[in-house]
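Shown next, in structure tokens, is the structure this report addresses.
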Amino acid sequence: HLLDSFTVSARDGNGRSPCQSKHFHSCKVKVELPVRVDFVGGWSDTPPWSLERSGCVLNMAILLEDSLPVGAQMETVPTGGIWISDDAANQVFIDDATSISAPFHQEDPFRLVKSALLVTGFVQSEVVPGLRIITWANVPRGSGLGTSSILAAAVVKGLLRIMNGDESNENTARLVLVLEQLMGTGGGWQDQIGGLYPGIKCTASFPGKPLKLHVIPLAASPNLVEELEQRLLVVFTGQ
């Protein structure tokens, strides 16, 4: 299904929001995002092209089996350290956040989350004494739907919410681009744009520091949306 919205929620132990307070209280943030289908323009969003020339991509956000398949949840805890776990039963406890540094081993299952902690500045932050992070992606690995970048966007947006930082889609997309260079995956911007912005959109990028992005939502007619939802099949080949 074509997605026209997604969810970001934050609450403390008493159901209040936002997360910031003079005194510690449990704060939980949950970010759920769609995946994206790329129609045309892919690779014009990736370095070095995007650093030297303008790029343009047409893509759209979709649900899988009527649900937002990618997400992250984080909760502040009174004890120090960072607990990270994922939907593959991997887990790790990091006693000292300042010990996190790049480069990361390619087989490290948490290099995405660790990179997010770095690019958001969380490792230098004293906002919370401790944090639990859970991530999931109900999408086949290597499916080509932008899952890794979209998961990174969910983690970055959640951390920025915890830190009361700039969690705008534009800033989140830029930080994910930095995150992927830090990880060494060399990704571009279209995946996170596809997941962060709902619906069908045409996005243009212009070289510079920081990279300039212009997202133009396309107002699809109800008939077009109905045709897409009735006729579009997303099939994983296993390759």
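A note on labels: chains of the structure tokens are A, B, ... as shown, every chain counts residues from 1, and ligands are counted from 1 in their shown order.
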Practice item. Run DSSP on the backbone of this structure and report the residues of segment 102-160 of chain A it assigns to strand (DSSP E), as number ranges by chain. Key: A: 130-137
Grab the residues selected above and save them as a PDB file, in the first residue's frame with all heavy atoms.
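Saved result, result_32.pdb, follows:
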ATOM      1  N   GLY A 130      21.510   6.695  30.910  1.00  0.00           N
ATOM      2  CA  GLY A 130      21.577   5.405  30.234  1.00  0.00           C
ATOM      3  C   GLY A 130      20.469   5.272  29.213  1.00  0.00           C
ATOM      4  O   GLY A 130      19.497   6.032  29.217  1.00  0.00           O
ATOM      5  N   LEU A 131      20.612   4.283  28.312  1.00  0.00           N
ATOM      6  CA  LEU A 131      19.661   4.158  27.210  1.00  0.00           C
ATOM      7  C   LEU A 131      19.545   2.710  26.765  1.00  0.00           C
ATOM      8  O   LEU A 131      20.542   1.985  26.709  1.00  0.00           O
ATOM      9  CB  LEU A 131      20.139   5.023  26.041  1.00  0.00           C
ATOM     10  CG  LEU A 131      19.195   5.240  24.859  1.00  0.00           C
ATOM     11  CD1 LEU A 131      17.979   6.063  25.283  1.00  0.00           C
ATOM     12  CD2 LEU A 131      19.923   5.957  23.725  1.00  0.00           C
ATOM     13  N   ARG A 132      18.325   2.296  26.445  1.00  0.00           N
ATOM     14  CA  ARG A 132      18.074   1.008  25.802  1.00  0.00           C
ATOM     15  C   ARG A 132      17.572   1.265  24.385  1.00  0.00           C
ATOM     16  O   ARG A 132      16.665   2.069  24.189  1.00  0.00           O
ATOM     17  CB  ARG A 132      17.020   0.198  26.566  1.00  0.00           C
ATOM     18  CG  ARG A 132      17.444  -0.262  27.946  1.00  0.00           C
ATOM     19  CD  ARG A 132      16.363  -1.140  28.579  1.00  0.00           C
ATOM     20  NE  ARG A 132      16.669  -1.462  29.948  1.00  0.00           N
ATOM     21  CZ  ARG A 132      17.429  -2.488  30.330  1.00  0.00           C
ATOM     22  NH1 ARG A 132      17.938  -3.289  29.407  1.00  0.00           N
ATOM     23  NH2 ARG A 132      17.670  -2.714  31.606  1.00  0.00           N
ATOM     24  N   ILE A 133      18.169   0.569  23.412  1.00  0.00           N
ATOM     25  CA  ILE A 133      17.785   0.739  22.007  1.00  0.00           C
ATOM     26  C   ILE A 133      17.418  -0.617  21.418  1.00  0.00           C
ATOM     27  O   ILE A 133      18.187  -1.577  21.528  1.00  0.00           O
ATOM     28  CB  ILE A 133      18.929   1.367  21.181  1.00  0.00           C
ATOM     29  CG1 ILE A 133      19.348   2.713  21.764  1.00  0.00           C
ATOM     30  CG2 ILE A 133      18.503   1.522  19.723  1.00  0.00           C
ATOM     31  CD1 ILE A 133      20.570   3.316  21.078  1.00  0.00           C
ATOM     32  N   ILE A 134      16.255  -0.687  20.794  1.00  0.00           N
ATOM     33  CA  ILE A 134      15.803  -1.899  20.105  1.00  0.00           C
ATOM     34  C   ILE A 134      15.507  -1.527  18.655  1.00  0.00           C
ATOM     35  O   ILE A 134      14.842  -0.523  18.390  1.00  0.00           O
ATOM     36  CB  ILE A 134      14.537  -2.488  20.754  1.00  0.00           C
ATOM     37  CG1 ILE A 134      14.772  -2.798  22.231  1.00  0.00           C
ATOM     38  CG2 ILE A 134      14.084  -3.749  20.021  1.00  0.00           C
ATOM     39  CD1 ILE A 134      13.512  -3.186  22.978  1.00  0.00           C
ATOM     40  N   THR A 135      16.014  -2.317  17.713  1.00  0.00           N
ATOM     41  CA  THR A 135      15.745  -2.051  16.297  1.00  0.00           C
ATOM     42  C   THR A 135      15.134  -3.284  15.636  1.00  0.00           C
ATOM     43  O   THR A 135      15.353  -4.414  16.081  1.00  0.00           O
ATOM     44  CB  THR A 135      17.029  -1.667  15.537  1.00  0.00           C
ATOM     45  OG1 THR A 135      17.939  -2.777  15.537  1.00  0.00           O
ATOM     46  CG2 THR A 135      17.703  -0.469  16.186  1.00  0.00           C
ATOM     47  N   TRP A 136      14.368  -3.053  14.580  1.00  0.00           N
ATOM     48  CA  TRP A 136      13.793  -4.171  13.823  1.00  0.00           C
ATOM     49  C   TRP A 136      13.565  -3.754  12.370  1.00  0.00           C
ATOM     50  O   TRP A 136      13.431  -2.569  12.062  1.00  0.00           O
ATOM     51  CB  TRP A 136      12.464  -4.632  14.443  1.00  0.00           C
ATOM     52  CG  TRP A 136      11.395  -3.586  14.469  1.00  0.00           C
ATOM     53  CD1 TRP A 136      10.453  -3.326  13.515  1.00  0.00           C
ATOM     54  CD2 TRP A 136      11.172  -2.629  15.518  1.00  0.00           C
ATOM     55  NE1 TRP A 136       9.651  -2.285  13.893  1.00  0.00           N
ATOM     56  CE2 TRP A 136      10.062  -1.836  15.120  1.00  0.00           C
ATOM     57  CE3 TRP A 136      11.782  -2.371  16.751  1.00  0.00           C
ATOM     58  CZ2 TRP A 136       9.570  -0.802  15.912  1.00  0.00           C
ATOM     59  CZ3 TRP A 136      11.292  -1.337  17.535  1.00  0.00           C
ATOM     60  CH2 TRP A 136      10.194  -0.569  17.119  1.00  0.00           C
ATOM     61  N   ALA A 137      13.574  -4.746  11.505  1.00  0.00           N
ATOM     62  CA  ALA A 137      13.294  -4.528  10.078  1.00  0.00           C
ATOM     63  C   ALA A 137      12.626  -5.794   9.550  1.00  0.00           C
ATOM     64  O   ALA A 137      13.292  -6.793   9.300  1.00  0.00           O
ATOM     65  CB  ALA A 137      14.569  -4.219   9.311  1.00  0.00           C
TER      66      ALA A 137
END
Point to revise | Exercise: Pro34 of chain A partners within 8 Å, only C-alpha atoms, chain neighbours under 3 positions left out, as a list of chain:residue names | key: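 My list of contacting residues is A:Leu3, A:Phe6, A:Ala61, A:Ile62, A:Leu63, A:Leu64, A:Ser67, A:Leu68, A:Pro69, A:Val70, A:Ile150, A:Gly195, A:Leu196.
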Point to revise | Distance in Å - atom CA of Asp191 of chain A versus atom CA of Pro217 of chain A | key: 15.4 Å
Review point. Expressed in Å to a single decimal, how great is the separation between atom CA of Asp108 of chain A and atom CA of Asn90 of chain A?
Key: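 Straight-line distance from atom CA of Asp108 of chain A to atom CA of Asn90 of chain A works out to 10.1 Å.
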Exercise for review: Run DSSP on the backbone of this structure and report the residues of segment 34-125 of chain A it assigns to helix (DSSP H, G or I), as a list of chain:residue names.
Suggested key: A:Trp49, A:Ser50, A:Leu51, A:Glu52, A:Ala97, A:Thr98, A:Ser99, A:Arg111, A:Leu112, A:Val113, A:Lys114, A:Ser115, A:Ala116, A:Leu117, A:Leu118, A:Val119, A:Phe122, A:Val123, A:Gln124
Can those selected residues be exported to a file as a PDB file, in the first residue's frame so that it contains N, CA, C and O atoms?
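The resulting file, again-v5.pdb, is reproduced below:
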ATOM      1  N   TRP A  49      28.914  11.324  -7.246  1.00  0.00           N
ATOM      2  CA  TRP A  49      28.072  12.096  -8.163  1.00  0.00           C
ATOM      3  C   TRP A  49      27.378  13.247  -7.437  1.00  0.00           C
ATOM      4  O   TRP A  49      27.423  14.403  -7.878  1.00  0.00           O
ATOM      5  N   SER A  50      26.718  12.936  -6.298  1.00  0.00           N
ATOM      6  CA  SER A  50      25.918  13.955  -5.613  1.00  0.00           C
ATOM      7  C   SER A  50      26.765  15.070  -5.014  1.00  0.00           C
ATOM      8  O   SER A  50      26.244  16.141  -4.696  1.00  0.00           O
ATOM      9  N   LEU A  51      28.058  14.824  -4.834  1.00  0.00           N
ATOM     10  CA  LEU A  51      28.949  15.846  -4.295  1.00  0.00           C
ATOM     11  C   LEU A  51      29.449  16.795  -5.383  1.00  0.00           C
ATOM     12  O   LEU A  51      29.940  17.887  -5.087  1.00  0.00           O
ATOM     13  N   GLU A  52      29.304  16.363  -6.638  1.00  0.00           N
ATOM     14  CA  GLU A  52      29.841  17.148  -7.754  1.00  0.00           C
ATOM     15  C   GLU A  52      28.755  17.679  -8.687  1.00  0.00           C
ATOM     16  O   GLU A  52      28.950  18.693  -9.356  1.00  0.00           O
ATOM     17  N   ALA A  97      29.852   5.158  26.639  1.00  0.00           N
ATOM     18  CA  ALA A  97      29.499   5.580  25.281  1.00  0.00           C
ATOM     19  C   ALA A  97      30.653   6.276  24.583  1.00  0.00           C
ATOM     20  O   ALA A  97      30.761   6.227  23.348  1.00  0.00           O
ATOM     21  N   THR A  98      31.528   6.919  25.339  1.00  0.00           N
ATOM     22  CA  THR A  98      32.651   7.628  24.721  1.00  0.00           C
ATOM     23  C   THR A  98      33.673   6.670  24.116  1.00  0.00           C
ATOM     24  O   THR A  98      34.575   7.099  23.397  1.00  0.00           O
ATOM     25  N   SER A  99      33.528   5.361  24.407  1.00  0.00           N
ATOM     26  CA  SER A  99      34.444   4.363  23.832  1.00  0.00           C
ATOM     27  C   SER A  99      34.068   3.999  22.399  1.00  0.00           C
ATOM     28  O   SER A  99      34.827   3.322  21.701  1.00  0.00           O
ATOM     29  N   ARG A 111      26.954  -1.756  14.066  1.00  0.00           N
ATOM     30  CA  ARG A 111      27.709  -0.610  13.569  1.00  0.00           C
ATOM     31  C   ARG A 111      26.785   0.506  13.091  1.00  0.00           C
ATOM     32  O   ARG A 111      27.146   1.684  13.158  1.00  0.00           O
ATOM     33  N   LEU A 112      25.588   0.174  12.648  1.00  0.00           N
ATOM     34  CA  LEU A 112      24.637   1.204  12.240  1.00  0.00           C
ATOM     35  C   LEU A 112      24.214   2.040  13.449  1.00  0.00           C
ATOM     36  O   LEU A 112      24.228   3.281  13.391  1.00  0.00           O
ATOM     37  N   VAL A 113      23.838   1.371  14.538  1.00  0.00           N
ATOM     38  CA  VAL A 113      23.403   2.092  15.738  1.00  0.00           C
ATOM     39  C   VAL A 113      24.563   2.886  16.332  1.00  0.00           C
ATOM     40  O   VAL A 113      24.404   4.039  16.758  1.00  0.00           O
ATOM     41  N   LYS A 114      25.736   2.278  16.373  1.00  0.00           N
ATOM     42  CA  LYS A 114      26.918   2.976  16.906  1.00  0.00           C
ATOM     43  C   LYS A 114      27.234   4.213  16.068  1.00  0.00           C
ATOM     44  O   LYS A 114      27.580   5.272  16.608  1.00  0.00           O
ATOM     45  N   SER A 115      27.111   4.090  14.751  1.00  0.00           N
ATOM     46  CA  SER A 115      27.354   5.235  13.884  1.00  0.00           C
ATOM     47  C   SER A 115      26.318   6.333  14.140  1.00  0.00           C
ATOM     48  O   SER A 115      26.641   7.525  14.123  1.00  0.00           O
ATOM     49  N   ALA A 116      25.071   5.928  14.390  1.00  0.00           N
ATOM     50  CA  ALA A 116      24.022   6.901  14.699  1.00  0.00           C
ATOM     51  C   ALA A 116      24.328   7.636  16.007  1.00  0.00           C
ATOM     52  O   ALA A 116      24.105   8.841  16.123  1.00  0.00           O
ATOM     53  N   LEU A 117      24.854   6.909  16.990  1.00  0.00           N
ATOM     54  CA  LEU A 117      25.235   7.536  18.257  1.00  0.00           C
ATOM     55  C   LEU A 117      26.335   8.571  18.053  1.00  0.00           C
ATOM     56  O   LEU A 117      26.373   9.605  18.728  1.00  0.00           O
ATOM     57  N   LEU A 118      27.213   8.317  17.079  1.00  0.00           N
ATOM     58  CA  LEU A 118      28.297   9.250  16.789  1.00  0.00           C
ATOM     59  C   LEU A 118      27.803  10.486  16.035  1.00  0.00           C
ATOM     60  O   LEU A 118      28.098  11.621  16.421  1.00  0.00           O
ATOM     61  N   VAL A 119      27.060  10.285  14.930  1.00  0.00           N
ATOM     62  CA  VAL A 119      26.689  11.424  14.086  1.00  0.00           C
ATOM     63  C   VAL A 119      25.691  12.351  14.764  1.00  0.00           C
ATOM     64  O   VAL A 119      25.618  13.545  14.431  1.00  0.00           O
ATOM     65  N   PHE A 122      25.414  11.946  20.391  1.00  0.00           N
ATOM     66  CA  PHE A 122      24.925  11.382  21.642  1.00  0.00           C
ATOM     67  C   PHE A 122      26.071  10.930  22.551  1.00  0.00           C
ATOM     68  O   PHE A 122      25.966  11.021  23.772  1.00  0.00           O
ATOM     69  N   VAL A 123      27.157  10.447  21.975  1.00  0.00           N
ATOM     70  CA  VAL A 123      28.254   9.925  22.796  1.00  0.00           C
ATOM     71  C   VAL A 123      28.910  11.022  23.620  1.00  0.00           C
ATOM     72  O   VAL A 123      29.535  10.759  24.646  1.00  0.00           O
ATOM     73  N   GLN A 124      28.784  12.288  23.173  1.00  0.00           N
ATOM     74  CA  GLN A 124      29.312  13.402  23.957  1.00  0.00           C
ATOM     75  C   GLN A 124      28.236  14.059  24.816  1.00  0.00           C
ATOM     76  O   GLN A 124      28.516  14.969  25.588  1.00  0.00           O
TER      77      GLN A 124
END
Given only C-alpha atoms, how would the per-residue table for segment 165-225 of chain A near segment 143-148 of chain A read, listing every residue at most 12 Å away with its closest atom pair and distance in Å to one decimal, sorted by chain and number, as CSV?
residue,atom,partner,partner_atom,distance
A:Val176,CA,A:Ser148,CA,10.1
A:Leu177,CA,A:Ser148,CA,11.6
A:Leu179,CA,A:Ser148,CA,11.0
A:Glu180,CA,A:Ser148,CA,9.4
A:Met183,CA,A:Ser148,CA,11.3
A:Thr185,CA,A:Ser148,CA,10.0
A:Gly186,CA,A:Ser148,CA,11.8
A:Gly187,CA,A:Ser148,CA,9.5
A:Gly188,CA,A:Gly146,CA,10.2
A:Trp189,CA,A:Gly146,CA,10.0
A:Gln190,CA,A:Gly146,CA,8.3
A:Asp191,CA,A:Gly146,CA,4.8
A:Gln192,CA,A:Gly146,CA,7.4
A:Ile193,CA,A:Gly146,CA,9.8
A:Gly194,CA,A:Gly146,CA,8.1
A:Gly195,CA,A:Gly146,CA,8.1
A:Leu196,CA,A:Gly146,CA,11.3
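Between atom CA of Phe110 of chain A and atom CA of Asp86 of chain A the interatomic distance comes to 8.6 Å.
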Check your understanding: Of the candidates A:Ile82, A:Ile162, A:Val92, A:Val234, which one gets nearest to Ser26 of chain A if we count only C-alpha atoms?
Key ->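 Looking at the shortest contact to Ser26 of chain A, the residue is A:Ile162.
Among A:Pro47, A:Cys27, A:Glu170, A:Gly81, the residue with the shortest atom-to-atom distance to Ile94 of chain A, counting only C-alpha atoms, is A:Gly81.
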**Study point:** Best match for closeness to Ser168 of chain A among A:Arg53, A:Ser85, A:Tyr197, A:Arg141, counting only C-alpha atoms
**Key:**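 The answer is A:Tyr197, which sits nearest to Ser168 of chain A.
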